[in-house]
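The next block is coords19.pdb, given as PDB, C-alpha atoms.
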```
ATOM      1  CA  MET A   1     -21.340  93.520 -67.913
ATOM      2  CA  LEU A   2     -21.653  89.753 -67.753
ATOM      3  CA  PRO A   3     -23.975  88.362 -65.094
ATOM      4  CA  VAL A   4     -22.339  86.812 -62.069
ATOM      5  CA  ARG A   5     -22.616  83.029 -62.183
ATOM      6  CA  GLY A   6     -22.991  80.718 -59.214
ATOM      7  CA  ARG A   7     -21.315  77.336 -58.734
ATOM      8  CA  ASN A   8     -23.980  75.531 -60.772
ATOM      9  CA  GLY A   9     -23.617  77.922 -63.689
ATOM     10  CA  ARG A  10     -26.879  79.746 -63.014
ATOM     11  CA  ALA A  11     -27.079  83.450 -62.524
ATOM     12  CA  ALA A  12     -26.545  84.297 -58.863
ATOM     13  CA  ARG A  13     -29.549  85.825 -57.118
ATOM     14  CA  PRO A  14     -28.828  89.436 -56.161
ATOM     15  CA  ALA A  15     -28.809  90.262 -52.456
ATOM     16  CA  ARG A  16     -32.122  91.517 -51.182
ATOM     17  CA  LEU A  17     -31.716  95.225 -50.715
ATOM     18  CA  LEU A  18     -34.669  96.059 -48.467
ATOM     19  CA  GLY A  19     -37.153  94.074 -46.405
ATOM     20  CA  THR A  20     -38.033  92.826 -42.961
ATOM     21  CA  ARG A  21     -37.017  89.765 -41.020
ATOM     22  CA  THR A  22     -38.658  88.192 -37.971
ATOM     23  CA  ALA A  23     -36.575  86.762 -35.136
ATOM     24  CA  TRP A  24     -38.523  84.174 -33.131
ATOM     25  CA  THR A  25     -38.047  83.510 -29.416
ATOM     26  CA  PRO A  26     -39.483  80.410 -27.685
ATOM     27  CA  VAL A  27     -41.592  81.275 -24.628
ATOM     28  CA  GLY A  28     -43.304  77.957 -23.903
ATOM     29  CA  ASP A  29     -44.044  74.478 -25.161
ATOM     30  CA  GLY A  30     -46.466  71.606 -24.784
ATOM     31  CA  GLU A  31     -48.663  69.253 -26.747
ATOM     32  CA  PHE A  32     -51.477  70.292 -29.082
ATOM     33  CA  PHE A  33     -53.648  69.035 -31.896
ATOM     34  CA  CYS A  34     -51.855  70.192 -35.048
ATOM     35  CA  PRO A  35     -54.343  71.113 -37.797
ATOM     36  CA  GLY A  36     -51.571  70.682 -40.355
ATOM     37  CA  CYS A  37     -50.543  67.167 -39.320
ATOM     38  CA  GLY A  38     -54.038  66.161 -38.208
ATOM     39  CA  GLY A  39     -52.890  64.683 -34.901
ATOM     40  CA  ASP A  40     -51.311  65.337 -31.519
ATOM     41  CA  ARG A  41     -47.861  66.930 -31.757
ATOM     42  CA  ASN A  42     -45.416  68.858 -29.600
ATOM     43  CA  TYR A  43     -45.289  72.604 -30.101
ATOM     44  CA  GLN A  44     -43.308  75.697 -29.217
ATOM     45  CA  ARG A  45     -45.010  78.997 -28.491
ATOM     46  CA  LEU A  46     -43.009  81.772 -30.142
ATOM     47  CA  THR A  47     -42.929  85.544 -29.932
ATOM     48  CA  GLY A  48     -41.467  87.488 -32.828
ATOM     49  CA  HIS A  49     -39.574  90.744 -33.256
ATOM     50  CA  ARG A  50     -39.451  92.275 -36.721
ATOM     51  CA  ARG A  51     -36.402  94.162 -37.913
ATOM     52  CA  PHE A  52     -35.834  96.222 -41.030
ATOM     53  CA  ILE A  53     -33.012  94.744 -43.127
ATOM     54  CA  LEU A  54     -30.657  96.444 -45.576
ATOM     55  CA  LEU A  55     -28.549  94.247 -47.839
ATOM     56  CA  GLY A  56     -29.461  91.277 -45.647
ATOM     57  CA  VAL A  57     -28.316  92.969 -42.430
ATOM     58  CA  PRO A  58     -30.892  93.806 -39.694
ATOM     59  CA  VAL A  59     -30.605  97.499 -38.924
ATOM     60  CA  LEU A  60     -33.806  98.866 -37.316
ATOM     61  CA  PRO A  61     -36.500  97.302 -35.093
ATOM     62  CA  ARG A  62     -40.017  97.233 -36.567
ATOM     63  CA  GLY A  63     -41.979  96.052 -33.510
ATOM     64  CA  GLU A  64     -43.374  92.770 -32.266
ATOM     65  CA  THR A  65     -45.505  90.258 -34.122
ATOM     66  CA  ALA A  66     -48.440  88.360 -32.689
ATOM     67  CA  PRO A  67     -47.337  85.168 -30.893
ATOM     68  CA  VAL A  68     -47.586  81.940 -32.867
ATOM     69  CA  VAL A  69     -47.529  78.218 -32.236
ATOM     70  CA  GLU A  70     -44.956  76.204 -34.178
ATOM     71  CA  CYS A  71     -45.502  72.474 -34.693
ATOM     72  CA  ALA A  72     -42.385  70.450 -33.867
ATOM     73  CA  ALA A  73     -43.181  68.029 -36.699
ATOM     74  CA  CYS A  74     -44.304  70.061 -39.711
ATOM     75  CA  ARG A  75     -42.794  73.399 -38.537
ATOM     76  CA  ARG A  76     -45.867  75.306 -39.659
ATOM     77  CA  HIS A  77     -46.992  78.339 -37.678
ATOM     78  CA  PHE A  78     -50.544  78.755 -36.364
ATOM     79  CA  GLY A  79     -52.401  81.323 -34.319
ATOM     80  CA  THR A  80     -52.494  80.641 -30.598
ATOM     81  CA  ASP A  81     -56.225  79.897 -30.810
ATOM     82  CA  VAL A  82     -55.301  76.365 -31.979
ATOM     83  CA  LEU A  83     -54.426  75.646 -28.343
ATOM     84  CA  ASP A  84     -58.140  75.916 -27.516
ATOM     85  CA  HIS A  85     -58.725  72.667 -29.396
ATOM     86  CA  PRO A  86     -58.155  69.659 -27.123
ATOM     87  CA  THR A  87     -55.616  67.031 -28.049
ATOM     88  CA  THR A  88     -56.956  63.690 -29.210
ATOM     89  CA  THR A  89     -56.111  62.181 -25.830
ATOM     90  CA  ARG A  90     -57.820  64.988 -23.939
ATOM     91  CA  PHE A  91     -60.855  64.915 -26.221
ATOM     92  CA  SER A  92     -61.299  61.177 -25.658
ATOM     93  CA  ALA A  93     -61.162  61.700 -21.893
ATOM     94  CA  MET A  94     -63.696  64.539 -22.074
ATOM     95  CA  LEU A  95     -66.076  62.421 -24.137
ATOM     96  CA  ARG A  96     -65.719  59.451 -21.797
ATOM     97  CA  ASP A  97     -66.375  61.598 -18.721
ATOM     98  CA  ALA A  98     -69.372  63.254 -20.374
ATOM     99  CA  VAL A  99     -71.080  59.936 -21.145
ATOM    100  CA  HIS A 100     -70.378  58.709 -17.606
ATOM    101  CA  THR A 101     -71.863  61.869 -16.059
ATOM    102  CA  VAL A 102     -74.985  61.703 -18.252
ATOM    103  CA  ALA A 103     -75.514  58.038 -17.369
ATOM    104  CA  LEU A 104     -75.278  58.754 -13.629
ATOM    105  CA  ALA A 105     -77.648  61.725 -13.921
ATOM    106  CA  VAL A 106     -80.258  59.688 -15.792
ATOM    107  CA  LEU A 107     -80.001  56.815 -13.304
ATOM    108  CA  ALA A 108     -80.342  59.210 -10.378
ATOM    109  CA  ALA A 109     -83.484  60.667 -11.947
ATOM    110  CA  GLY A 110     -84.971  57.280 -12.771
ATOM    111  CA  GLY A 111     -86.365  56.651  -9.330
ATOM    112  CA  THR A 112     -85.484  52.991  -8.872
ATOM    113  CA  CYS A 113     -82.100  52.210 -10.496
ATOM    114  CA  SER A 114     -83.626  49.059 -11.948
ATOM    115  CA  ARG A 115     -81.375  46.276 -13.174
ATOM    116  CA  THR A 116     -82.318  46.880 -16.821
ATOM    117  CA  ALA A 117     -81.454  50.573 -16.551
ATOM    118  CA  LEU A 118     -78.177  49.737 -14.805
ATOM    119  CA  GLU A 119     -77.291  47.228 -17.516
ATOM    120  CA  ALA A 120     -78.030  49.757 -20.259
ATOM    121  CA  ALA A 121     -76.000  52.426 -18.452
ATOM    122  CA  ALA A 122     -73.037  50.136 -17.788
ATOM    123  CA  SER A 123     -72.972  49.010 -21.425
ATOM    124  CA  THR A 124     -73.029  52.625 -22.602
ATOM    125  CA  VAL A 125     -70.266  53.693 -20.218
ATOM    126  CA  ARG A 126     -68.065  50.734 -21.163
ATOM    127  CA  ALA A 127     -68.493  51.578 -24.850
ATOM    128  CA  ALA A 128     -67.356  55.142 -24.080
ATOM    129  CA  GLY A 129     -64.062  53.891 -22.652
ATOM    130  CA  PHE A 130     -64.576  52.817 -19.025
ATOM    131  CA  ASP A 131     -63.907  49.172 -19.838
ATOM    132  CA  ASP A 132     -64.254  47.888 -16.271
ATOM    133  CA  CYS A 133     -67.517  49.651 -15.398
ATOM    134  CA  THR A 134     -70.115  47.384 -13.764
ATOM    135  CA  GLU A 135     -73.755  47.750 -12.801
ATOM    136  CA  ASP A 136     -72.866  47.525  -9.118
ATOM    137  CA  GLN A 137     -70.307  50.310  -9.428
ATOM    138  CA  LEU A 138     -72.841  52.609 -11.071
ATOM    139  CA  ASN A 139     -75.454  51.765  -8.462
ATOM    140  CA  ALA A 140     -73.004  52.611  -5.669
ATOM    141  CA  LEU A 141     -72.100  55.904  -7.352
ATOM    142  CA  VAL A 142     -75.751  56.885  -7.734
ATOM    143  CA  GLU A 143     -76.413  56.110  -4.070
ATOM    144  CA  ALA A 144     -73.355  58.147  -3.060
ATOM    145  CA  LEU A 145     -74.532  61.009  -5.271
ATOM    146  CA  ALA A 146     -77.965  60.980  -3.640
ATOM    147  CA  ALA A 147     -76.430  60.928  -0.153
ATOM    148  CA  ASP A 148     -73.996  63.718  -0.989
ATOM    149  CA  THR A 149     -76.617  66.047  -2.451
ATOM    150  CA  GLY A 150     -79.472  65.082  -0.141
ATOM    151  CA  ARG A 151     -81.638  64.270  -3.180
ATOM    152  CA  ALA A 152     -83.939  61.290  -3.369
ATOM    153  CA  TYR A 153     -84.242  59.099  -6.453
ATOM    154  CA  GLY A 154     -86.735  60.360  -8.968
ATOM    155  CA  GLN A 155     -86.373  64.059  -8.216
ATOM    156  CA  SER A 156     -86.046  66.599 -10.988
ATOM    157  CA  CYS A 157     -82.607  67.845 -11.959
ATOM    158  CA  GLY A 158     -81.498  70.056  -9.079
ATOM    159  CA  ALA A 159     -79.004  72.885  -9.256
ATOM    160  CA  GLY A 160     -76.082  70.722  -8.138
ATOM    161  CA  LEU A 161     -76.707  68.023 -10.731
ATOM    162  CA  ALA A 162     -77.301  70.610 -13.458
ATOM    163  CA  ILE A 163     -73.940  72.207 -12.605
ATOM    164  CA  GLU A 164     -72.193  68.836 -12.881
ATOM    165  CA  LEU A 165     -73.781  68.207 -16.266
ATOM    166  CA  HIS A 166     -72.770  71.610 -17.558
ATOM    167  CA  GLU A 167     -69.221  71.208 -16.223
ATOM    168  CA  ALA A 168     -68.883  67.921 -18.115
ATOM    169  CA  LEU A 169     -70.655  68.963 -21.331
ATOM    170  CA  ASP A 170     -70.037  72.689 -21.842
ATOM    171  CA  PRO A 171     -66.289  72.337 -22.678
ATOM    172  CA  LEU A 172     -66.999  69.395 -24.976
ATOM    173  CA  ALA A 173     -69.925  70.734 -27.015
ATOM    174  CA  PRO A 174     -67.955  73.201 -29.230
ATOM    175  CA  HIS A 175     -65.704  70.383 -30.436
ATOM    176  CA  LEU A 176     -68.498  67.976 -31.372
ATOM    177  CA  ALA A 177     -70.341  67.855 -34.669
ATOM    178  CA  PRO A 178     -74.157  68.016 -34.366
ATOM    179  CA  VAL A 179     -74.410  64.245 -34.797
ATOM    180  CA  GLY A 180     -71.950  63.764 -31.938
ATOM    181  CA  ARG A 181     -73.925  66.003 -29.577
ATOM    182  CA  GLU A 182     -77.136  64.220 -30.516
ATOM    183  CA  SER A 183     -75.494  60.850 -29.923
ATOM    184  CA  ILE A 184     -74.733  61.693 -26.272
ATOM    185  CA  LEU A 185     -78.332  62.789 -25.690
ATOM    186  CA  LEU A 186     -79.685  59.648 -27.356
ATOM    187  CA  GLN A 187     -77.472  57.440 -25.204
ATOM    188  CA  GLY A 188     -78.940  59.053 -22.106
ATOM    189  CA  ALA A 189     -82.462  58.676 -23.520
ATOM    190  CA  ARG A 190     -82.006  54.950 -24.129
ATOM    191  CA  ILE A 191     -80.834  54.447 -20.552
ATOM    192  CA  ALA A 192     -83.965  56.235 -19.339
ATOM    193  CA  LEU A 193     -86.185  54.080 -21.582
ATOM    194  CA  ALA A 194     -84.569  50.788 -20.574
ATOM    195  CA  ASP A 195     -87.061  50.291 -17.719
ATOM    196  CA  GLY A 196     -90.101  52.029 -19.170
ATOM    197  CA  PRO A 197     -91.340  55.408 -20.453
ATOM    198  CA  TYR A 198     -89.638  58.633 -19.438
ATOM    199  CA  THR A 199     -90.478  59.937 -15.997
ATOM    200  CA  PRO A 200     -90.822  63.728 -15.570
ATOM    201  CA  ALA A 201     -87.501  63.760 -13.705
ATOM    202  CA  GLU A 202     -85.744  61.902 -16.522
ATOM    203  CA  ARG A 203     -87.139  64.339 -19.083
ATOM    204  CA  ASP A 204     -85.868  67.203 -16.947
ATOM    205  CA  VAL A 205     -82.379  65.723 -16.793
ATOM    206  CA  LEU A 206     -82.323  64.991 -20.528
ATOM    207  CA  SER A 207     -83.497  68.541 -21.287
ATOM    208  CA  THR A 208     -80.586  69.824 -19.199
ATOM    209  CA  VAL A 209     -78.230  67.546 -21.134
ATOM    210  CA  GLY A 210     -79.589  68.904 -24.421
ATOM    211  CA  ALA A 211     -79.177  72.508 -23.297
ATOM    212  CA  ALA A 212     -75.583  71.887 -22.175
ATOM    213  CA  LEU A 213     -74.863  70.344 -25.586
ATOM    214  CA  THR A 214     -76.381  73.415 -27.298
ATOM    215  CA  ILE A 215     -79.215  71.378 -28.821
ATOM    216  CA  CYS A 216     -82.354  73.485 -29.215
ATOM    217  CA  SER A 217     -85.465  72.451 -27.295
ATOM    218  CA  ASP A 218     -87.361  71.431 -30.450
ATOM    219  CA  ASP A 219     -84.553  69.085 -31.445
ATOM    220  CA  VAL A 220     -84.381  67.686 -27.904
ATOM    221  CA  THR A 221     -88.105  66.846 -28.118
ATOM    222  CA  ARG A 222     -87.599  65.252 -31.537
ATOM    223  CA  LEU A 223     -84.649  63.159 -30.361
ATOM    224  CA  LEU A 224     -86.384  61.960 -27.208
ATOM    225  CA  ALA A 225     -89.308  60.821 -29.340
ATOM    226  CA  ALA A 226     -86.978  59.143 -31.856
ATOM    227  CA  ALA A 227     -85.232  57.223 -29.058
ATOM    228  CA  ARG A 228     -88.522  55.415 -28.362
ATOM    229  CA  THR A 229     -88.536  53.938 -31.869
ATOM    230  CA  PRO A 230     -86.669  50.614 -32.054
ATOM    231  CA  SER A 231     -83.755  50.791 -34.501
TER     232      SER A 231
END
```
Let me see the structure of the file written as structure tokens.
Amino acid sequence: MLPVRGRNGRAARPARLLGTRTAWTPVGDGEFFCPGCGGDRNYQRLTGHRRFILLGVPVLPRGETAPVVECAACRRHFGTDVLDHPTTTRFSAMLRDAVHTVALAVLAAGGTCSRTALEAAASTVRAAGFDDCTEDQLNALVEALAADTGRAYGQSCGAGLAIELHEALDPLAPHLAPVGRESILLQGARIALADGPYTPAERDVLSTVGAALTICSDDVTRLLAAARTPS
């Protein structure tokens, strides 16, 4: 028997006799960081139902598949754990807020909010993305923080301030490389050093920052010492 030929003269592929097919159903959408594209993309969250096929015709259900995330651009499927990674926009906002919170905490622990410390803090916060940040704004925020918590300048890191630091840094730390986590701590250290050596309260705050960024205590000590050395 001669083989059946298709329109292009090639042998036609025989129909698949047995197999399974997955039918996908959209159950949600949004924006995510696509590891395939390497950037922010829209996605659909899909659930799948497998069916046994005979001669290309679905005949029997084979159960559900694990839900997946489909990128609207590259159409690749990923596990739903990719949604745990922040989008580029969200990551930038988290990083900006983290630097701002660390700067305020260090200023509040400094005891005086000197002009040199305020200038160093404002420069650091502007570089992180708050372009309009001024020394006077930071000073007002520190005073409001002290009034709200009932803390005086120069006190060690209290429970309320530690909670704020952890709320800002804990979600960010898993998405930062070690050098990125160290950079945030060093920025806080340089603000503390702008008006003189570390005070005990500043060391306490910076130790809390290091812990929230999952930097071990030995590395925190090393980094605080390195921040004293002019670059």
Would you list the contacts of region 205-207 of chain A as a PyMOL selection string, taking every protein, DNA or RNA residue within 8 Å and counting all atoms listed in the file, but skipping same-chain residues closer than 3 positions in sequence?
chain A and resi 105-106+109+156-157+162+185+188-189+201-202+210-211+217+220
Selected residues, C-alpha atoms, written as a CSV table (one decimal), in the coordinates of the input, please.
```csv
chain,number,residue,atom,x,y,z
A,105,ALA,CA,-77.6,61.7,-13.9
A,106,VAL,CA,-80.3,59.7,-15.8
A,109,ALA,CA,-83.5,60.7,-11.9
A,156,SER,CA,-86.0,66.6,-11.0
A,157,CYS,CA,-82.6,67.8,-12.0
A,162,ALA,CA,-77.3,70.6,-13.5
A,185,LEU,CA,-78.3,62.8,-25.7
A,188,GLY,CA,-78.9,59.1,-22.1
A,189,ALA,CA,-82.5,58.7,-23.5
A,201,ALA,CA,-87.5,63.8,-13.7
A,202,GLU,CA,-85.7,61.9,-16.5
A,210,GLY,CA,-79.6,68.9,-24.4
A,211,ALA,CA,-79.2,72.5,-23.3
A,217,SER,CA,-85.5,72.5,-27.3
A,220,VAL,CA,-84.4,67.7,-27.9
```
Which residues come within 8 Å of Ala73 (chain A), counting only C-alpha atoms, excluding same-chain residues fewer than 5 positions away, as an MDAnalysis selection string?
chainID A and resid 37 41:42
Limited to C-alpha atoms, could you put the picked residues into a file as an mmCIF file, in the coordinates of the input?
```
data_model
loop_
_atom_site.group_PDB
_atom_site.id
_atom_site.type_symbol
_atom_site.label_atom_id
_atom_site.label_comp_id
_atom_site.auth_asym_id
_atom_site.auth_seq_id
_atom_site.Cartn_x
_atom_site.Cartn_y
_atom_site.Cartn_z
ATOM 1 C CA CYS A 37 -50.543 67.167 -39.320
ATOM 2 C CA ARG A 41 -47.861 66.930 -31.757
ATOM 3 C CA ASN A 42 -45.416 68.858 -29.600
#
```
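For the set A:Leu95, A:Val102, A:Trp24, A:Thr116, the residue with the smallest atom-to-atom gap to Ala66 (chain A) is A:Trp24, counting all atoms listed in the file.
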Using only C-alpha atoms, find the one residue out of A:Ala103, A:His85, A:Arg181, A:Ala140 that sits nearest to Leu223 (chain A).
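Among the listed residues, A:Arg181 lies closest to Leu223 (chain A).
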Residues near Leu107 (chain A), anyone? I mean within 10 Å using only C-alpha atoms, not counting same-chain ones fewer than 3 positions away, as a list in words.
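Here the answer would be Thr101, Val102, Ala103, Leu104, Gly110, Gly111, Thr112, Cys113, Ser114, Ala117, Leu118, Ala121, Leu138, Asn139, Leu141, Val142, Glu143, Tyr153, Gly154, Gly188, Ile191, Ala192, Glu202 and Val205 of chain A.
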Find the spatial neighbours of Cys74 (chain A), counting all atoms listed in the file, within a cut-off of 12 Å - ignore same-chain residues fewer than 5 positions away - and output them as number ranges by chain.
A: 34-44, 69
With distances taken over all atoms listed in the file, which of A:Asp81, A:His100, A:Gly30, A:Ala212 is nearest to Ile163 (chain A)?
A:Ala212
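Across the model, the gap from CA of Ala23 (chain A) to CA of His49 (chain A) is 5.3 Å.
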List the spatial neighbours of Leu172 (chain A) as a PyMOL selection string - criterion: any atom at most 8 Å away, only C-alpha atoms, same-chain residues fewer than 2 positions off excluded.
chain A and resi 91+94-95+168-170+174-176+213
Using all atoms listed in the file, which residue out of A:Thr65, A:Leu224, A:Ala128, A:Cys71 lies closest to Ala93 (chain A)?
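Once distances to Ala93 (chain A) are computed over all atoms listed in the file, the minimum belongs to A:Ala128.
Here CA of Ala120 (chain A) and CA of Val99 (chain A) stand 12.4 Å from one another.
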Can you measure CA of His166 (chain A) to CA of Asp97 (chain A) for me? One decimal in Å is fine.
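These two atoms are separated by 11.9 Å.
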Using all atoms listed in the file, pick whichever of A:Ala98, A:Leu46, A:Ala225, A:Ile215 has the shortest atom-to-atom distance to Arg76 (chain A).
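With all atoms listed in the file as the atom set, the closest residue is A:Leu46.
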Nearest to Glu182 (chain A) among A:Ala144, A:Tyr198, A:Thr221, A:Thr87, with distances taken over all atoms listed in the file: which residue is it?
A:Thr221
